[in-house]
Every structure is written in C-alpha cells, then in structure tokens.
Amino acid sequence: MFERIERVPGDAILGLIEAFNKDNNPEKVDLGVGVYRDAAGNTPIMRAVKEAEAILLKNETTKTYIGSHGDPRYAKVILPLVLGADSPVLEQQRASATQAPGGTGALRLAADFIYTQLPGSSIWVSDPTWPNHLGIFMGAGLALYKYPYVDAENRLDFASMLETLKQIPQGDVVVLHACCHNPSGFDLSQEQWQQVLEVVKERDLLPLIDFAYQGFGEGLDEDAYGVRLMAEKLDNVLITSSCSKNFGIYRERTGALIVVAKDQEQMENVRSQIAIVARENYSNPPAHGGSIVMEILESEELAKDWRKELTEMRDRINGLRREFVEALKPHGLDEKFACVAEQRGMFSYTGLSAEQVDRLRDEFSIYMVRSGRANVAGMSSDKLPYIVKAIAAVCK
Ligand code: PLP
Ligand code: TYF
C-alpha cells in the first residue's frame, strides 16, 4: 500500500531551525522562524506566564473536557482584548469566541465553516502571505486566489490591492492581516483600513482577519485598529486571534475564532455551526494555554506585568529596526534598507534576493527565509556589526 507514497520536502521555514542547529559557526545568526528572541537569542517564558502556571499547578482540580467552544472564561477575557473593553459589538452581544488550538486551529475552523456553510465562496489572500494560509484554506477545499500586496520594488502596493479587491465577486472571503504582516512587515495605515472597509461593504465581502501578532506592532489597542473598525462597521466578520506570540506560549496552542454577526440571534446560529466544526476536527481544544491567559488577564497585577513585558519586547524589536538601518549607513545601504525601520512586527521583507540569502547562509551562517524575510527579533545590538558587514558583502 505505502509503496506508492512519495516523500515531500518539509516546511521551508521550520526546516531552517534544523539547518541552524547543525551549523557549528560560533557567529551564526538565526533570522528564520518567527519566534520572539531576547538579546541573548533565547525565547524566554514571560514572567506573568510563569506566575500563572504556578497558580494553576496549585489550584487546578480537574482535567476534564472544557467543551467544543473551550472555557467560557477564556472567551470573556479574549473578546475585550481583541475588540476593546468598551466595544459596542460586545454591548450588542453579537460577538462570540471559540477557543482553538492556536491561531492555526482557529484558521482551520474558519475555513471549514466557510466551506460547509457558505458554499461557493472563494477565499482571497495577500500576495505574499504566510505559506500556511494556502495549505489551510486549500486543505479545507476552498478555491483560493491572491490579491497583490508588495510590488517588485519591495513596497506596499496598496493601489493594486484595492483595485483587485474591487473586482472580487460578491460574497467571497478576503483574508487581511490585522497587523505585523507576515512575511512583509508592511501594515495598512488607518486611512487605508477605512478604504478597505468601503470596498468590503460595497462588494459585500466577508473579511477574515488574521490577528497573530497583537501587541507586536504599535501596541495592544493600536494593532487592533482594523479589527475593531471592521467589527463595529460591518454585520459579518471573522477574526482569528492567537496568544502564541504575545503571551509567548507557542507550544500550548492557544487561540480563538471570533465571530461577529449582525445580531445575537445570527451569532448564536453561526456559533452552533462552529461547535460542530470544532468537534469534527479535535472535539475540545487544549486547556492549559487558555488557563494561563485567563489567570493573567483576570489579575490586575499579572495583567499589568504582562503588558509591561510585552511592551519591552515590542520596543526591543522597533529599536533594532532603527539600529539596523543606522548601522548600514557607513556602507551606503541605509536608503536601500530604509523600509526595515518602517515595517512592523517580527518580520521584514528586506528585499534581499534568494541568491543573496543563500550566500548569507553559506558564507556567514546567517539564516533567513529565501523570500528575503528576516525575523528582526533574531538580531541583537551585539550581532548587528556582523550582520551588517555580511549584508554589505552580498550586496556588492
Ligand atoms: N497567522 C500568521 C500570519 C502567523 O504568522 C502565525 C504564526 O505562526 C499564525 C497565524 C498561527 O500561529 P499559532 O498557530 O502558532 O497561534
Ligand atoms: O512564519 C513564521 O515563521 C511563524 C512560525 O509551519 C511558523 O508564523 C512557521 C511555519 C509554520 C508554523 C509556524
């Protein structure tokens, strides 16, 4: 039976982890997979998370199932975090959150819901986008198309994006990155979000907003601008939220699918369908990560410390962005890479070619995705002179 099974290459981004670990060069730098790193190159457990886990270990009394929608307490803390504490959408009781195994699990729930309940709707993703979007949406059976996002000069191509959105058939789904666009780092301005809103309204499209990096761009509330605008102004919105990055609990698989509907009645109808999709995929979501998030957000003290540490992480990345461009000045490359200081989140499309990325890896043991995407958090002030010298060498 299995003799016909072909071997396929693994995930290109995750493959970089293995290649990096095998490299013996003491100067090696990992700018590959999108996990936060501190100045020492570690991905630490956040202080509030450690404390919350200690509380959980002491107080937890059961490991029984939490239900297909997850823990209702999780929904209660995640909805105000994403939509805003005084959101009219919450007041109107037209939003629901279903706890899911990470942002990825939430995306799959959304995809299966669209496939089964909105038959005929195709899905549109930015070009480029996170490669897993393609696998998740096509794996669920959806027809997938792309809208332009970054041009050949490595700039946000908003005009082309909007032009294409205006051509999308009524009822189709458009995937938007809420902030910290993966892989490019180019985000929409508030004014651009308003323009997208108008087109979405005009064409009667369903926005599916992927919110994987809340707090990594400008701030927890600032990063939610587009999400809250769409939720407040539209009858129907899907949002996939992830706690992997902003709580640093990647492996605990913690996320949510948030449904915003016209009214409570419609929200409950959709919610009942989401429960079926969840049950058919994995029955109940994992509980531990959600419990950590609840413990933190329900405690004024822990929440305060979590926000503080998240701010430190965000400031570190944004500081590195500026330092990086500054360090390229003596090489006459600061203008060429100026976009890095403008982009937001963990990632930057540097504009480096696949050949240049290969040279950085082979000659300097600097690892990044072949699209030229760098994880800025993998840099540090100590390593910057080495990184910059290597980039100057491959740009000659
Ligand atoms: N969406 C985007 C754009 C991402 O970059 C990620 C990161 O891995 C995810 C969703 C899913 O994150 P996770 O499933 O780890 O919560
Ligand atoms: O883009 C990234 O690097 C992160 C992490 O299959 C990631 O989103 C990458 C690939 C993958 C799962 C997560």
# chains A, B, ... in the order shown; residues from 1 in each chain; ligands from 1
>>> closest_atom_pairs(of="chain A", to="ligand 2", cutoff="12 Å", atoms="only C-alpha atoms and all ligand atoms", output="JSON lines")
{"residue": "A:Gly10", "atom": "CA", "partner": "ligand 2", "partner_atom_place_in_ligand_line": "6 (O)", "distance": 9.1}
{"residue": "A:Asp11", "atom": "CA", "partner": "ligand 2", "partner_atom_place_in_ligand_line": "6 (O)", "distance": 5.9}
{"residue": "A:Ala12", "atom": "CA", "partner": "ligand 2", "partner_atom_place_in_ligand_line": "10 (C)", "distance": 7.6}
{"residue": "A:Ile13", "atom": "CA", "partner": "ligand 2", "partner_atom_place_in_ligand_line": "10 (C)", "distance": 5.2}
{"residue": "A:Leu14", "atom": "CA", "partner": "ligand 2", "partner_atom_place_in_ligand_line": "10 (C)", "distance": 5.5}
{"residue": "A:Gly15", "atom": "CA", "partner": "ligand 2", "partner_atom_place_in_ligand_line": "10 (C)", "distance": 8.9}
{"residue": "A:Leu16", "atom": "CA", "partner": "ligand 2", "partner_atom_place_in_ligand_line": "3 (O)", "distance": 9.8}
{"residue": "A:Ile17", "atom": "CA", "partner": "ligand 2", "partner_atom_place_in_ligand_line": "9 (C)", "distance": 10.2}
{"residue": "A:Asp30", "atom": "CA", "partner": "ligand 2", "partner_atom_place_in_ligand_line": "3 (O)", "distance": 11.4}
{"residue": "A:Leu31", "atom": "CA", "partner": "ligand 2", "partner_atom_place_in_ligand_line": "3 (O)", "distance": 9.5}
{"residue": "A:Gly32", "atom": "CA", "partner": "ligand 2", "partner_atom_place_in_ligand_line": "3 (O)", "distance": 6.6}
{"residue": "A:Val33", "atom": "CA", "partner": "ligand 2", "partner_atom_place_in_ligand_line": "3 (O)", "distance": 3.8}
{"residue": "A:Gly34", "atom": "CA", "partner": "ligand 2", "partner_atom_place_in_ligand_line": "3 (O)", "distance": 3.4}
{"residue": "A:Val35", "atom": "CA", "partner": "ligand 2", "partner_atom_place_in_ligand_line": "5 (C)", "distance": 6.6}
{"residue": "A:Tyr36", "atom": "CA", "partner": "ligand 2", "partner_atom_place_in_ligand_line": "4 (C)", "distance": 10.0}
{"residue": "A:Gly102", "atom": "CA", "partner": "ligand 2", "partner_atom_place_in_ligand_line": "13 (C)", "distance": 10.2}
{"residue": "A:Gly103", "atom": "CA", "partner": "ligand 2", "partner_atom_place_in_ligand_line": "8 (O)", "distance": 9.6}
{"residue": "A:Thr104", "atom": "CA", "partner": "ligand 2", "partner_atom_place_in_ligand_line": "12 (C)", "distance": 8.3}
{"residue": "A:Gly105", "atom": "CA", "partner": "ligand 2", "partner_atom_place_in_ligand_line": "12 (C)", "distance": 11.4}
{"residue": "A:Pro128", "atom": "CA", "partner": "ligand 2", "partner_atom_place_in_ligand_line": "1 (O)", "distance": 11.8}
{"residue": "A:Thr129", "atom": "CA", "partner": "ligand 2", "partner_atom_place_in_ligand_line": "1 (O)", "distance": 9.3}
{"residue": "A:Trp130", "atom": "CA", "partner": "ligand 2", "partner_atom_place_in_ligand_line": "1 (O)", "distance": 6.0}
{"residue": "A:Pro131", "atom": "CA", "partner": "ligand 2", "partner_atom_place_in_ligand_line": "10 (C)", "distance": 7.5}
{"residue": "A:Asn132", "atom": "CA", "partner": "ligand 2", "partner_atom_place_in_ligand_line": "6 (O)", "distance": 6.1}
{"residue": "A:His133", "atom": "CA", "partner": "ligand 2", "partner_atom_place_in_ligand_line": "6 (O)", "distance": 9.7}
{"residue": "A:Leu134", "atom": "CA", "partner": "ligand 2", "partner_atom_place_in_ligand_line": "6 (O)", "distance": 11.1}
{"residue": "A:Gly135", "atom": "CA", "partner": "ligand 2", "partner_atom_place_in_ligand_line": "6 (O)", "distance": 9.7}
{"residue": "A:Ile136", "atom": "CA", "partner": "ligand 2", "partner_atom_place_in_ligand_line": "6 (O)", "distance": 10.5}
{"residue": "A:Cys180", "atom": "CA", "partner": "ligand 2", "partner_atom_place_in_ligand_line": "8 (O)", "distance": 11.0}
{"residue": "A:His181", "atom": "CA", "partner": "ligand 2", "partner_atom_place_in_ligand_line": "1 (O)", "distance": 10.0}
{"residue": "A:Asn182", "atom": "CA", "partner": "ligand 2", "partner_atom_place_in_ligand_line": "1 (O)", "distance": 6.4}
{"residue": "A:Pro183", "atom": "CA", "partner": "ligand 2", "partner_atom_place_in_ligand_line": "1 (O)", "distance": 6.8}
{"residue": "A:Ser184", "atom": "CA", "partner": "ligand 2", "partner_atom_place_in_ligand_line": "1 (O)", "distance": 10.5}
{"residue": "A:Gly185", "atom": "CA", "partner": "ligand 2", "partner_atom_place_in_ligand_line": "1 (O)", "distance": 11.4}
{"residue": "A:Asp210", "atom": "CA", "partner": "ligand 2", "partner_atom_place_in_ligand_line": "8 (O)", "distance": 11.5}
{"residue": "A:Phe211", "atom": "CA", "partner": "ligand 2", "partner_atom_place_in_ligand_line": "8 (O)", "distance": 11.5}
{"residue": "A:Ala212", "atom": "CA", "partner": "ligand 2", "partner_atom_place_in_ligand_line": "8 (O)", "distance": 8.3}
{"residue": "A:Tyr213", "atom": "CA", "partner": "ligand 2", "partner_atom_place_in_ligand_line": "8 (O)", "distance": 9.6}
{"residue": "A:Ser242", "atom": "CA", "partner": "ligand 2", "partner_atom_place_in_ligand_line": "8 (O)", "distance": 10.7}
{"residue": "A:Ser244", "atom": "CA", "partner": "ligand 2", "partner_atom_place_in_ligand_line": "8 (O)", "distance": 9.6}
{"residue": "A:Lys245", "atom": "CA", "partner": "ligand 2", "partner_atom_place_in_ligand_line": "8 (O)", "distance": 9.2}
{"residue": "A:Tyr250", "atom": "CA", "partner": "ligand 2", "partner_atom_place_in_ligand_line": "5 (C)", "distance": 9.0}
{"residue": "A:Arg251", "atom": "CA", "partner": "ligand 2", "partner_atom_place_in_ligand_line": "13 (C)", "distance": 10.4}
{"residue": "A:Arg253", "atom": "CA", "partner": "ligand 2", "partner_atom_place_in_ligand_line": "13 (C)", "distance": 11.2}
{"residue": "A:Gly345", "atom": "CA", "partner": "ligand 2", "partner_atom_place_in_ligand_line": "1 (O)", "distance": 11.5}
{"residue": "A:Met346", "atom": "CA", "partner": "ligand 2", "partner_atom_place_in_ligand_line": "3 (O)", "distance": 8.9}
{"residue": "A:Phe347", "atom": "CA", "partner": "ligand 2", "partner_atom_place_in_ligand_line": "1 (O)", "distance": 8.4}
{"residue": "A:Ser348", "atom": "CA", "partner": "ligand 2", "partner_atom_place_in_ligand_line": "1 (O)", "distance": 11.2}
{"residue": "A:Met368", "atom": "CA", "partner": "ligand 2", "partner_atom_place_in_ligand_line": "3 (O)", "distance": 9.8}
{"residue": "A:Val369", "atom": "CA", "partner": "ligand 2", "partner_atom_place_in_ligand_line": "3 (O)", "distance": 8.7}
{"residue": "A:Ser371", "atom": "CA", "partner": "ligand 2", "partner_atom_place_in_ligand_line": "1 (O)", "distance": 11.7}
{"residue": "A:Arg373", "atom": "CA", "partner": "ligand 2", "partner_atom_place_in_ligand_line": "3 (O)", "distance": 9.3}
{"residue": "A:Ala374", "atom": "CA", "partner": "ligand 2", "partner_atom_place_in_ligand_line": "3 (O)", "distance": 9.3}
{"residue": "A:Asn375", "atom": "CA", "partner": "ligand 2", "partner_atom_place_in_ligand_line": "3 (O)", "distance": 7.8}
{"residue": "A:Val376", "atom": "CA", "partner": "ligand 2", "partner_atom_place_in_ligand_line": "3 (O)", "distance": 11.3}
{"residue": "A:Ala377", "atom": "CA", "partner": "ligand 2", "partner_atom_place_in_ligand_line": "3 (O)", "distance": 11.4}
{"residue": "A:Gly378", "atom": "CA", "partner": "ligand 2", "partner_atom_place_in_ligand_line": "3 (O)", "distance": 11.5}
>>> residues_around(residues="region 311-324 of chain A", least_positions_apart="5", cutoff="6 Å", atoms="only C-alpha atoms", output="VMD selection string")
chain A and resid 216 340 to 341 377
>>> write_last_selection(atoms="C-alpha atoms", output="PDB file, in the first residue's frame")
ATOM      1  CA  PHE A 216       3.976  43.438  18.454  1.00  0.00           C
ATOM      2  CA  VAL A 340      13.040  47.930   7.667  1.00  0.00           C
ATOM      3  CA  ALA A 341      12.573  50.843  10.080  1.00  0.00           C
ATOM      4  CA  ALA A 377      13.866  39.741  16.800  1.00  0.00           C
TER       5      ALA A 377
END
>>> closest_residue(among="A:Gly120, A:Gly139, A:Gly290, A:Gly84", to="ligand 1", atoms="only C-alpha atoms and all ligand atoms")
A:Gly290
>>> closest_residue(among="A:Glu252, A:Asp358, A:Glu300, A:Glu218", to="Gln343 (chain A)", atoms="only C-alpha atoms")
A:Glu218
>>> residues_around(residues="Leu144 (chain A)", least_positions_apart="6", cutoff="8 Å", atoms="only C-alpha atoms", output="PyMOL selection string")
chain A and resi 122-125+134+137-138
>>> write_last_selection(atoms="N, CA and C atoms", output="CSV table (one decimal), in the first residue's frame")
chain,number,residue,atom,x,y,z
A,122,SER,N,-15.3,31.8,-2.5
A,122,SER,CA,-13.8,31.6,-2.6
A,122,SER,C,-13.1,32.5,-1.6
A,123,ILE,N,-11.8,32.2,-1.4
A,123,ILE,CA,-11.0,33.0,-0.4
A,123,ILE,C,-9.9,33.7,-1.1
A,124,TRP,N,-9.6,34.9,-0.7
A,124,TRP,CA,-8.5,35.7,-1.3
A,124,TRP,C,-7.5,36.1,-0.2
A,125,VAL,N,-6.2,35.8,-0.5
A,125,VAL,CA,-5.1,36.1,0.4
A,125,VAL,C,-4.2,37.1,-0.3
A,134,LEU,N,-2.2,29.1,2.6
A,134,LEU,CA,-2.5,28.4,1.4
A,134,LEU,C,-2.9,26.9,1.7
A,137,PHE,N,-6.3,26.8,3.8
A,137,PHE,CA,-7.6,27.1,3.1
A,137,PHE,C,-7.8,26.1,2.0
A,138,MET,N,-6.8,25.7,1.2
A,138,MET,CA,-7.0,24.8,0.1
A,138,MET,C,-7.3,23.4,0.7
>>> atom_distance(atom1="CA of Asn59 (chain A)", atom2="CA of Gln214 (chain A)")
29.0 Å
>>> residues_around(residues="Leu238 (chain A)", least_positions_apart="5", cutoff="10 Å", atoms="only C-alpha atoms", output="list in words")
Ala95, Ser96, Ala106, Leu107, Ala110, Val173, Val175, Leu206, Pro207, Leu208, Ile209, Asp210, Val227, Met230, Ala231, Leu257, Ile258, Val259, Val260 and Ala261 of chain A
>>> closest_residue(among="A:Glu60, A:Arg344, A:Ala143, A:Asn24", to="Cys179 (chain A)", atoms="only C-alpha atoms")
A:Arg344
>>> residues_around(residues="Ala393 (chain A)", least_positions_apart="2", cutoff="12 Å", atoms="only C-alpha atoms", output="PyMOL selection string")
chain A and resi 328+331+333+356-357+359-360+363-364+386-391+395-396
>>> write_last_selection(atoms="N, CA and C atoms", output="PDB file, in the first residue's frame")
ATOM      1  N   LEU A 328      23.750  50.467   8.723  1.00  0.00           N
ATOM      2  CA  LEU A 328      24.036  50.278   7.294  1.00  0.00           C
ATOM      3  C   LEU A 328      24.544  51.560   6.628  1.00  0.00           C
ATOM      4  N   HIS A 331      27.958  51.864   5.089  1.00  0.00           N
ATOM      5  CA  HIS A 331      28.101  51.048   3.873  1.00  0.00           C
ATOM      6  C   HIS A 331      27.295  51.642   2.714  1.00  0.00           C
ATOM      7  N   LEU A 333      24.154  51.830   2.549  1.00  0.00           N
ATOM      8  CA  LEU A 333      22.985  50.982   2.265  1.00  0.00           C
ATOM      9  C   LEU A 333      21.749  51.376   3.071  1.00  0.00           C
ATOM     10  N   GLN A 356      21.180  36.015  -2.629  1.00  0.00           N
ATOM     11  CA  GLN A 356      21.852  36.726  -1.529  1.00  0.00           C
ATOM     12  C   GLN A 356      21.582  36.034  -0.188  1.00  0.00           C
ATOM     13  N   VAL A 357      20.365  35.544  -0.012  1.00  0.00           N
ATOM     14  CA  VAL A 357      20.036  34.805   1.217  1.00  0.00           C
ATOM     15  C   VAL A 357      20.899  33.539   1.300  1.00  0.00           C
ATOM     16  N   ARG A 359      23.837  33.089   0.004  1.00  0.00           N
ATOM     17  CA  ARG A 359      25.219  33.479   0.331  1.00  0.00           C
ATOM     18  C   ARG A 359      25.357  33.826   1.810  1.00  0.00           C
ATOM     19  N   LEU A 360      24.372  34.503   2.353  1.00  0.00           N
ATOM     20  CA  LEU A 360      24.416  34.846   3.783  1.00  0.00           C
ATOM     21  C   LEU A 360      24.510  33.569   4.624  1.00  0.00           C
ATOM     22  N   GLU A 363      28.135  31.626   3.464  1.00  0.00           N
ATOM     23  CA  GLU A 363      29.396  32.312   3.762  1.00  0.00           C
ATOM     24  C   GLU A 363      29.434  32.916   5.158  1.00  0.00           C
ATOM     25  N   PHE A 364      28.262  33.189   5.739  1.00  0.00           N
ATOM     26  CA  PHE A 364      28.247  33.908   7.031  1.00  0.00           C
ATOM     27  C   PHE A 364      27.417  33.221   8.120  1.00  0.00           C
ATOM     28  N   TYR A 386      28.225  42.371  12.714  1.00  0.00           N
ATOM     29  CA  TYR A 386      28.490  41.179  11.897  1.00  0.00           C
ATOM     30  C   TYR A 386      27.443  41.033  10.796  1.00  0.00           C
ATOM     31  N   ILE A 387      26.168  41.212  11.176  1.00  0.00           N
ATOM     32  CA  ILE A 387      25.066  41.061  10.210  1.00  0.00           C
ATOM     33  C   ILE A 387      25.204  42.093   9.087  1.00  0.00           C
ATOM     34  N   VAL A 388      25.479  43.324   9.490  1.00  0.00           N
ATOM     35  CA  VAL A 388      25.551  44.424   8.530  1.00  0.00           C
ATOM     36  C   VAL A 388      26.732  44.242   7.569  1.00  0.00           C
ATOM     37  N   LYS A 389      27.848  43.777   8.107  1.00  0.00           N
ATOM     38  CA  LYS A 389      29.017  43.543   7.255  1.00  0.00           C
ATOM     39  C   LYS A 389      28.716  42.453   6.221  1.00  0.00           C
ATOM     40  N   ALA A 390      28.034  41.426   6.675  1.00  0.00           N
ATOM     41  CA  ALA A 390      27.688  40.311   5.776  1.00  0.00           C
ATOM     42  C   ALA A 390      26.731  40.793   4.690  1.00  0.00           C
ATOM     43  N   ILE A 391      25.740  41.588   5.076  1.00  0.00           N
ATOM     44  CA  ILE A 391      24.782  42.096   4.095  1.00  0.00           C
ATOM     45  C   ILE A 391      25.489  42.996   3.071  1.00  0.00           C
ATOM     46  N   CYS A 395      25.718  42.443  -0.998  1.00  0.00           N
ATOM     47  CA  CYS A 395      25.068  43.496  -1.827  1.00  0.00           C
ATOM     48  C   CYS A 395      26.060  44.152  -2.791  1.00  0.00           C
ATOM     49  N   LYS A 396      27.340  43.783  -2.687  1.00  0.00           N
ATOM     50  CA  LYS A 396      28.374  44.404  -3.565  1.00  0.00           C
ATOM     51  C   LYS A 396      28.108  44.125  -5.026  1.00  0.00           C
TER      52      LYS A 396
END
>>> closest_residue(among="A:Glu265, A:Glu191, A:Asp362, A:Glu326", to="Tyr225 (chain A)", atoms="only C-alpha atoms")
A:Glu191
>>> select_by_dssp(residues="region 70-218 of chain A", states="alpha helix (DSSP H)", output="PyMOL selection string")
chain A and resi 72-83+88-91+102-117+131-139+158-165+190-203
>>> atom_distance(atom1="CA of Ser299 (chain A)", atom2="CA of Tyr65 (chain A)")
24.2 Å
>>> select_by_dssp(residues="region 22-102 of chain A", states="strand (DSSP E or B)", output="VMD selection string")
chain A and resid 29 to 30 95 to 100
>>> write_last_selection(atoms="N, CA and C atoms", output="compact mmCIF listing (two decimals), in the first residue's frame")
# COMPACT_ATOMS: atom_id res chain seq x y z
N VAL A 29 23.76 33.30 13.10
CA VAL A 29 22.63 34.15 13.48
C VAL A 29 21.35 33.56 12.88
N ASP A 30 20.32 33.41 13.70
CA ASP A 30 19.06 32.84 13.23
C ASP A 30 18.01 33.94 13.04
N ALA A 95 -20.96 39.20 19.27
CA ALA A 95 -19.65 38.56 19.05
C ALA A 95 -19.52 37.32 19.92
N SER A 96 -18.88 36.31 19.36
CA SER A 96 -18.66 35.06 20.10
C SER A 96 -17.22 34.60 19.88
N ALA A 97 -16.62 34.01 20.91
CA ALA A 97 -15.25 33.48 20.75
C ALA A 97 -15.25 31.98 21.02
N THR A 98 -14.61 31.26 20.13
CA THR A 98 -14.42 29.83 20.31
C THR A 98 -12.93 29.56 20.48
N GLN A 99 -12.56 29.03 21.64
CA GLN A 99 -11.15 28.72 21.91
C GLN A 99 -10.68 27.67 20.91
N ALA A 100 -9.47 27.83 20.40
CA ALA A 100 -8.98 26.92 19.36
C ALA A 100 -7.50 26.60 19.59
>>> closest_residue(among="A:Lys329, A:Ala287, A:Thr350, A:Gly372", to="Pro101 (chain A)", atoms="only C-alpha atoms")
A:Ala287
>>> residues_around(residues="Glu51 (chain A)", least_positions_apart="5", cutoff="12 Å", atoms="only C-alpha atoms", output="compact mmCIF listing (two decimals) with C-alpha atoms, in the first residue's frame")
# COMPACT_ATOMS: atom_id res chain seq x y z
CA ILE A 45 8.85 32.24 29.29
CA MET A 46 7.22 35.56 30.21
CA LEU A 56 -2.60 26.79 38.11
CA LEU A 57 -0.45 23.93 39.35
CA LYS A 58 -1.55 24.67 42.90
CA ILE A 292 -2.67 30.80 31.63
CA VAL A 293 -4.21 33.66 29.64
CA GLU A 295 -5.17 33.73 35.07
CA ILE A 296 -3.15 36.69 33.75
CA SER A 299 -5.49 39.52 37.70
CA GLU A 301 -1.27 42.69 38.86
CA LEU A 302 -0.34 39.91 36.41
CA ALA A 303 -2.01 41.71 33.51
CA ASP A 305 3.26 42.94 34.32
CA TRP A 306 2.35 41.09 31.12
>>> residues_around(residues="Leu156 (chain A)", least_positions_apart="6", cutoff="9 Å", atoms="only C-alpha atoms", output="PyMOL selection string")
chain A and resi 149-150+184+186-188
